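Notes for the one structure printed next.
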Amino acid sequence: MALITVDKDRCLKDGICAAECPSLIINLKDGVPDVFKGAEKFCINCGHCVAVCPTAALSHKNLSPDDCLEINQSFLPEPTKMEHFLRSRRSIRSYKKKQVSKEILEQVISIASHAPSGHNRQPVKWHVIYERQELDELCNHVIDWMKWMIQNKPEVAKALELALLVRTYESGVDVITRGAPHLIIAHGNKEDFSAPTASTIAMTWLELALPPFGLGGCWCGYFNAAATFWQPLQAALAFPEKSLSYGVMMVGFPKYQYHRIPPRNKPVITGL
Ligand SMILES: Cc1cc2nc3c(=O)[nH]c(=O)nc-3n(C[C@H](O)[C@H](O)[C@H](O)COP(=O)(O)O)c2cc1C
């Protein structure tokens, strides 16, 4: 099957698909798009050629216009709303004792999986710790890692205040996952150069996808560090071989609402 097929009756011969193809594999023959022989190996399957055609004239071997959600311009936020949305995001550290439905968690992960990745490799895999009981068991591994750090890497442990965290956790305050009902982990193959950056971006999108569903989240750096270095936690998580955790997010219904947006440091910008 050809890499692209074109409905010549619909094609406007505007060349937009060729201009937008990131791999520059589309040529125009009398204005109609075509690809050169062997182009397939350069195609990154991003779908731009299909998505950008104003008349839905172009189909890709792996994607037809019917597979794509139509963009509704009226759904897109204007700058003031977008600014307010982004600036009002907060790390949530108090959660209602209420589970989020699995369908909603799947939906926010699906939204986050639209985040960009280098060469459109989409290397991010997701793992959800759904039950709080399992999360408690995993937190014990994080505490074991912290205790090991205190013994074996005292300077790092001191800088991260790990002794205080362990004492606080053992007094009954969950300073690791803040009592969140769920944890979502983005992981990827450690041999894939694109996985760490793609995971960070996707996790950022996940956090932003939460508030419209009445949810909130908080990055879980201690858990991620333990999942990166501590074999017993890795064994408990049982990710595929070579897969490493690159981002961990607590998720749940926020117990409290925020009312104000504190200012951040003035951005340091050069070149303007
Ligand atoms: C990579 C990363 C790791 C973080 N780890 C933790 C964590 O383990 N526990 C926690 O309570 N907050 C954690 N945070 C949240 C930061 O403390 C928070 O983003 C920062 O204080 C700014 O507050 P805001 O997110 O509400 O704007 C982390 C944030 C990032 C980006």
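Ordered as shown in the structure tokens, chains take letters A, B, and onward, while each chain numbers its residues from 1 and ligands are numbered from 1 in the order shown.
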
Residues within 10 Å of Asp144 in chain A, only C-alpha atoms, excluding chain neighbours under 2 positions, as a list in words:
Leu138, Cys139, Asn140, His141, Val142, Met146, Lys147, Trp148, Met149, Ile150, Val166, Ala226, Trp230, Pro232 and Leu233 of chain A

Identify, counting only C-alpha atoms and all ligand atoms, the protein, DNA and RNA residues located within 7 Å of ligand 1, and give them as number ranges by chain.
A: 89-93, 176, 218-223

Write out the residues from the selection above, keeping N, CA and C atoms, as a short mmCIF file (atom, residue, chain, number, x, y, z; two decimals), in the first residue's frame.
data_model
loop_
_atom_site.label_atom_id
_atom_site.label_comp_id
_atom_site.auth_asym_id
_atom_site.auth_seq_id
_atom_site.Cartn_x
_atom_site.Cartn_y
_atom_site.Cartn_z
N ARG A 89 -2.72 26.74 38.29
CA ARG A 89 -2.35 25.35 38.63
C ARG A 89 -1.51 25.35 39.90
N ARG A 90 -1.82 24.48 40.84
CA ARG A 90 -1.01 24.36 42.05
C ARG A 90 -0.71 22.90 42.32
N SER A 91 0.38 22.65 43.04
CA SER A 91 0.66 21.30 43.52
C SER A 91 -0.31 21.02 44.65
N ILE A 92 -1.04 19.94 44.53
CA ILE A 92 -2.06 19.59 45.53
C ILE A 92 -1.49 18.58 46.52
N ARG A 93 -1.59 18.95 47.81
CA ARG A 93 -1.00 18.07 48.83
C ARG A 93 -2.01 17.63 49.89
N ILE A 176 5.44 11.50 51.66
CA ILE A 176 5.91 10.98 50.37
C ILE A 176 4.83 11.15 49.31
N CYS A 218 0.35 16.34 42.15
CA CYS A 218 1.62 16.90 42.63
C CYS A 218 2.72 15.93 42.23
N TRP A 219 3.78 16.50 41.68
CA TRP A 219 4.95 15.68 41.33
C TRP A 219 5.45 14.99 42.60
N CYS A 220 5.92 13.80 42.44
CA CYS A 220 6.32 13.00 43.60
C CYS A 220 7.80 12.65 43.45
N GLY A 221 8.64 13.66 43.73
CA GLY A 221 10.07 13.54 43.45
C GLY A 221 10.78 12.48 44.28
N TYR A 222 10.39 12.34 45.55
CA TYR A 222 11.07 11.34 46.39
C TYR A 222 10.77 9.93 45.88
N PHE A 223 9.53 9.71 45.51
CA PHE A 223 9.14 8.40 45.01
C PHE A 223 9.91 8.11 43.71
#

Report as a list in words all protein, DNA and RNA residues lying within 7 Å of range 105-111 of chain A, evaluated on only C-alpha atoms, omitting residues in the same chain fewer than 4 positions from it.
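My reading of the contact set: Val100, Ser101, Leu206, Ala209 and Leu210 of chain A.
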
I want to know what sits within 7 Å of range 39-45 of chain A, based on only C-alpha atoms, with residues of the same chain fewer than 2 positions away left out; could you give that as a compact mmCIF listing (two decimals) with N, CA and C atoms, in the first residue's frame?
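After the write, part_11.txt holds the following:
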# COMPACT_ATOMS: atom_id res chain seq x y z
N LEU A 3 2.34 4.93 0.70
CA LEU A 3 2.44 5.65 1.99
C LEU A 3 1.34 6.70 2.11
N SER A 23 9.59 15.67 7.67
CA SER A 23 10.67 14.88 7.07
C SER A 23 10.93 15.24 5.61
N ILE A 25 9.33 14.63 2.90
CA ILE A 25 9.27 13.50 1.95
C ILE A 25 8.15 13.66 0.93
N VAL A 35 5.03 10.87 -2.75
CA VAL A 35 6.29 10.68 -2.01
C VAL A 35 7.28 9.93 -2.87
N PHE A 36 8.55 10.18 -2.62
CA PHE A 36 9.56 9.48 -3.44
C PHE A 36 9.71 8.03 -2.95
N LYS A 37 10.25 7.21 -3.83
CA LYS A 37 10.44 5.79 -3.50
C LYS A 37 11.36 5.68 -2.27
N GLY A 47 1.38 12.40 11.29
CA GLY A 47 0.02 12.70 10.86
C GLY A 47 -0.20 14.13 10.40
N HIS A 119 11.13 13.08 17.43
CA HIS A 119 10.88 12.18 16.29
C HIS A 119 9.55 11.45 16.40
N ASN A 120 8.65 12.03 17.19
CA ASN A 120 7.33 11.41 17.41
C ASN A 120 7.47 9.96 17.85

Shell of 10 Å around Ser243 in chain A, only C-alpha atoms, local chain residues under 3 positions omitted, as JSON, numbers by chain:
{"A": [124, 125, 186, 187, 188, 189, 190, 191, 192, 195, 228, 234, 238, 239, 240, 246]}

Mind writing the picked residues with N, CA and C atoms as a tab-separated table (two decimals), in the first residue's frame?
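Okay, selection-v8.tsv is ready:
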chain	number	residue	atom	x	y	z
A	124	VAL	N	6.70	7.01	25.95
A	124	VAL	CA	6.25	7.01	27.35
A	124	VAL	C	5.26	5.87	27.60
A	125	LYS	N	5.50	5.16	28.68
A	125	LYS	CA	4.53	4.14	29.14
A	125	LYS	C	4.00	4.64	30.48
A	186	ALA	N	5.19	7.75	34.85
A	186	ALA	CA	5.59	7.71	33.43
A	186	ALA	C	6.95	7.03	33.39
A	187	HIS	N	7.05	5.97	32.60
A	187	HIS	CA	8.32	5.27	32.52
A	187	HIS	C	8.66	4.96	31.07
A	188	GLY	N	9.90	4.61	30.84
A	188	GLY	CA	10.31	4.32	29.46
A	188	GLY	C	11.61	3.54	29.45
A	189	ASN	N	11.94	3.06	28.28
A	189	ASN	CA	13.16	2.26	28.11
A	189	ASN	C	14.39	3.15	28.32
A	190	LYS	N	15.26	2.74	29.25
A	190	LYS	CA	16.43	3.58	29.55
A	190	LYS	C	17.39	3.69	28.38
A	191	GLU	N	17.25	2.80	27.38
A	191	GLU	CA	18.13	2.89	26.20
A	191	GLU	C	17.53	3.80	25.12
A	192	ASP	N	16.33	4.31	25.35
A	192	ASP	CA	15.70	5.22	24.38
A	192	ASP	C	16.05	6.65	24.76
A	195	ALA	N	13.25	9.07	25.91
A	195	ALA	CA	12.30	8.74	26.98
A	195	ALA	C	12.30	9.72	28.16
A	228	THR	N	14.09	5.21	40.80
A	228	THR	CA	15.24	5.24	39.88
A	228	THR	C	16.41	4.43	40.44
A	234	GLN	N	11.97	-1.07	42.55
A	234	GLN	CA	11.87	-1.46	41.13
A	234	GLN	C	11.26	-2.85	40.99
A	238	ALA	N	7.79	-3.80	39.16
A	238	ALA	CA	7.81	-4.83	38.10
A	238	ALA	C	7.56	-4.26	36.70
A	239	PHE	N	8.24	-3.16	36.38
A	239	PHE	CA	8.16	-2.63	35.02
A	239	PHE	C	8.87	-3.59	34.08
A	240	PRO	N	8.58	-3.46	32.76
A	240	PRO	CA	9.32	-4.30	31.82
A	240	PRO	C	10.83	-4.07	31.97
A	246	TYR	N	10.48	7.87	35.02
A	246	TYR	CA	10.98	9.22	34.69
A	246	TYR	C	10.08	10.32	35.24

Got a sec to tell me which of range 93-241 of chain A DSSP assigns to helix (DSSP H, G or I), as a PyMOL selection string?
chain A and resi 102-112+118-120+132-152+154-159+162-170+195-209+211-213+221-229+231-237

Residues within 10 Å of Leu135 in chain A, only C-alpha atoms, excluding chain neighbours under 2 positions, as a ChimeraX atom specification
/A:129-133,137-140,177,179-183

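Put simply, CA of Trp126 in chain A is 27.8 Å away from CA of Pro77 in chain A.
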
Any idea what the distance is between CA of Cys49 in chain A and CA of Lys29 in chain A?
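That distance, rounded to one decimal, is 15.7 Å.
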
Those of range 220-270 of chain A in DSSP strand (DSSP E or B), formatted as a list in words:
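Listing strand (DSSP E or B) positions across range 220-270 of chain A yields Ser243, Leu244, Ser245, Tyr246, Gly247, Val248, Met249, Met250, Val251, Gly252 and Pro254 of chain A.
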
Nearest-residue call for Ala57 in chain A, choices A:Pro22, A:Pro154, A:Gly15, A:Pro212, using only C-alpha atoms
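Between A:Pro22, A:Pro154, A:Gly15, A:Pro212, the residue approaching Ala57 in chain A most closely is A:Gly15.
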
To one decimal place in Å, what is the distance between CA of Cys21 in chain A and CA of Gln73 in chain A?
22.5 Å

Within 7 Å of His60 in chain A using only C-alpha atoms, minus same-chain residues under 4 positions, as a short mmCIF file (atom, residue, chain, number, x, y, z; two decimals) with C-alpha atoms, in the first residue's frame:
data_model
loop_
_atom_site.label_atom_id
_atom_site.label_comp_id
_atom_site.auth_asym_id
_atom_site.auth_seq_id
_atom_site.Cartn_x
_atom_site.Cartn_y
_atom_site.Cartn_z
CA LEU A 3 2.44 5.65 1.99
CA ILE A 4 -0.03 8.38 1.02
CA THR A 5 -3.10 8.36 -1.17
CA VAL A 50 -3.45 14.34 7.04
CA SER A 64 -7.13 8.55 7.39
#

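For the choices A:Leu237, A:Pro116, A:Pro33, A:Ser94, the atom-to-atom distance to Val128 in chain A is smallest for A:Leu237 when using only C-alpha atoms.
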
With distances taken over only C-alpha atoms, which residue among A:Val248, A:Ile26, A:Val268, A:Met1 lies nearest Lys61 in chain A?
A:Met1

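Minimum atom-to-atom distances from A:Met250, A:Ala202, A:Phe85, A:Ser59 to Val175 in chain A were compared using only C-alpha atoms, and the lowest value belongs to A:Met250.
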